[in-house]
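To keep things clear, I will list the structure first and then write my remarks on it.
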Amino acid sequence: MIITDYYPAIGKDLRQIAEMLLLNGTLTEDSGLVHGRMGIAVFCFHYAQYTNNMLFADYALNLIEEMQNQIHASSQADYEKGIAGIGAGIDYLIRN
């Protein structure tokens, strides 16, 4: 059993979050893990697996591609908003 079997409202909340991220996720300028596109990509990959809807995985791949195009020599290096967080997110996705 999954958690939404016990708490059906969680499934509804997850769906609302996913829909909001699909509509607004590309509007964020931040590429980082905590506040930006990398975090959205991680959520979307998990949600795609949860729902068996590859639309979310495709969206996450598009976000990652956009991040790759935005990275440059003067990009932030920190974990929260920078390259370190993006790298940690990519590593997490590869392992999971």
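Chain labels follow the order of the structure tokens: the first chain is A, the next B, and so on; residue numbering restarts at 1 in every chain, and ligands are counted from 1 in their shown order.
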
### Message
Need to verify the contact set: Asn96 (chain A), 12 Å, only C-alpha atoms, exclusion of same-chain residues closer than 4 positions in sequence. Can you return it as a ChimeraX atom specification?
### Response
/A:42,45-46,49,89-92

### Query
Do you know which residues are at most 12 Å from Glu66 (chain A) counting only C-alpha atoms, after dropping those on the same chain fewer than 5 positions away, and could you put them as a VMD selection string?
chain A and resid 25 to 31 36 to 38 41 59 to 61 71

Write the selection just made, keeping C-alpha atoms, as a PDB file, in the first residue's frame?
ATOM      1  CA  GLY A  25       7.933  25.910 -13.212  1.00  0.00           C
ATOM      2  CA  THR A  26       9.673  27.327 -16.240  1.00  0.00           C
ATOM      3  CA  LEU A  27       9.025  30.877 -15.050  1.00  0.00           C
ATOM      4  CA  THR A  28      11.563  30.566 -12.250  1.00  0.00           C
ATOM      5  CA  GLU A  29      14.957  32.052 -13.011  1.00  0.00           C
ATOM      6  CA  ASP A  30      16.723  29.947 -10.370  1.00  0.00           C
ATOM      7  CA  SER A  31      18.229  26.654 -11.485  1.00  0.00           C
ATOM      8  CA  GLY A  36      14.666  26.320  -8.560  1.00  0.00           C
ATOM      9  CA  ARG A  37      14.366  24.095 -11.566  1.00  0.00           C
ATOM     10  CA  MET A  38      16.452  21.202 -10.246  1.00  0.00           C
ATOM     11  CA  ALA A  41      12.729  18.310 -11.902  1.00  0.00           C
ATOM     12  CA  TYR A  59       8.897  18.065 -18.480  1.00  0.00           C
ATOM     13  CA  ALA A  60      11.671  17.330 -15.978  1.00  0.00           C
ATOM     14  CA  LEU A  61      14.066  16.453 -18.803  1.00  0.00           C
ATOM     15  CA  ILE A  71      25.214  27.187 -16.719  1.00  0.00           C
TER      16      ILE A  71
END

### Message
Between CA of Gln16 (chain A) and CA of Met67 (chain A), what distance in Å does the model show, to one decimal?
### Response
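Those two atoms sit 24.3 Å apart.
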
#### Entry: Selection near region 79-81 of chain A, 7 Å with only C-alpha atoms, sequence-local residues under 4 positions removed, as a PyMOL selection string
chain A and resi 30-35+85

Can I get the selected residues back with all heavy atoms, as an mmCIF file, in the first residue's frame?
data_model
loop_
_atom_site.group_PDB
_atom_site.id
_atom_site.type_symbol
_atom_site.label_atom_id
_atom_site.label_comp_id
_atom_site.auth_asym_id
_atom_site.auth_seq_id
_atom_site.Cartn_x
_atom_site.Cartn_y
_atom_site.Cartn_z
ATOM 1 N N ASP A 30 15.757 30.701 -11.156
ATOM 2 C CA ASP A 30 16.723 29.947 -10.370
ATOM 3 C C ASP A 30 16.820 28.518 -10.889
ATOM 4 O O ASP A 30 15.815 27.868 -11.142
ATOM 5 C CB ASP A 30 16.274 29.952 -8.906
ATOM 6 C CG ASP A 30 17.310 29.438 -7.945
ATOM 7 O OD1 ASP A 30 18.272 28.792 -8.382
ATOM 8 O OD2 ASP A 30 17.151 29.696 -6.747
ATOM 9 N N SER A 31 18.032 28.028 -11.022
ATOM 10 C CA SER A 31 18.229 26.654 -11.485
ATOM 11 C C SER A 31 18.533 25.697 -10.346
ATOM 12 O O SER A 31 18.668 24.505 -10.563
ATOM 13 C CB SER A 31 19.388 26.604 -12.501
ATOM 14 O OG SER A 31 19.040 27.282 -13.663
ATOM 15 N N GLY A 32 18.640 26.180 -9.127
ATOM 16 C CA GLY A 32 19.113 25.387 -8.003
ATOM 17 C C GLY A 32 18.183 24.291 -7.532
ATOM 18 O O GLY A 32 17.030 24.181 -7.938
ATOM 19 N N LEU A 33 18.715 23.515 -6.617
ATOM 20 C CA LEU A 33 17.990 22.370 -6.065
ATOM 21 C C LEU A 33 16.897 22.805 -5.094
ATOM 22 O O LEU A 33 15.776 22.308 -5.150
ATOM 23 C CB LEU A 33 18.980 21.434 -5.356
ATOM 24 C CG LEU A 33 18.416 20.198 -4.688
ATOM 25 C CD1 LEU A 33 17.755 19.282 -5.718
ATOM 26 C CD2 LEU A 33 19.518 19.432 -3.959
ATOM 27 N N VAL A 34 17.192 23.730 -4.230
ATOM 28 C CA VAL A 34 16.250 24.100 -3.175
ATOM 29 C C VAL A 34 15.169 25.057 -3.662
ATOM 30 O O VAL A 34 13.996 24.898 -3.328
ATOM 31 C CB VAL A 34 17.002 24.700 -1.963
ATOM 32 C CG1 VAL A 34 16.042 25.139 -0.878
ATOM 33 C CG2 VAL A 34 18.001 23.689 -1.411
ATOM 34 N N HIS A 35 15.546 26.035 -4.471
ATOM 35 C CA HIS A 35 14.608 27.086 -4.866
ATOM 36 C C HIS A 35 14.324 27.128 -6.362
ATOM 37 O O HIS A 35 13.699 28.069 -6.836
ATOM 38 C CB HIS A 35 15.152 28.464 -4.468
ATOM 39 C CG HIS A 35 15.375 28.625 -3.016
ATOM 40 N ND1 HIS A 35 14.353 28.754 -2.111
ATOM 41 C CD2 HIS A 35 16.521 28.656 -2.298
ATOM 42 C CE1 HIS A 35 14.851 28.873 -0.900
ATOM 43 N NE2 HIS A 35 16.165 28.820 -0.981
ATOM 44 N N GLY A 85 24.181 22.169 -5.981
ATOM 45 C CA GLY A 85 22.847 21.593 -5.807
ATOM 46 C C GLY A 85 22.354 20.907 -7.063
ATOM 47 O O GLY A 85 21.715 19.845 -6.999
#

#### Entry: Length of the CA of Ala57 (chain A) to CA of Ile86 (chain A) vector [Å]
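Between these atoms lies a distance of 16.8 Å.
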
### Task
Rounded to one decimal place, report the CA of Ser75 (chain A)-CA of Gly87 (chain A) distance in Å.
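Rounded to one decimal, the two atoms are 12.8 Å apart.
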
### Task
From a DSSP calculation on the backbone, collect every residue of chain A in alpha helix (DSSP H) and output the set as a ChimeraX atom specification.
/A:3-6,8-24,37-51,54-70,83-95
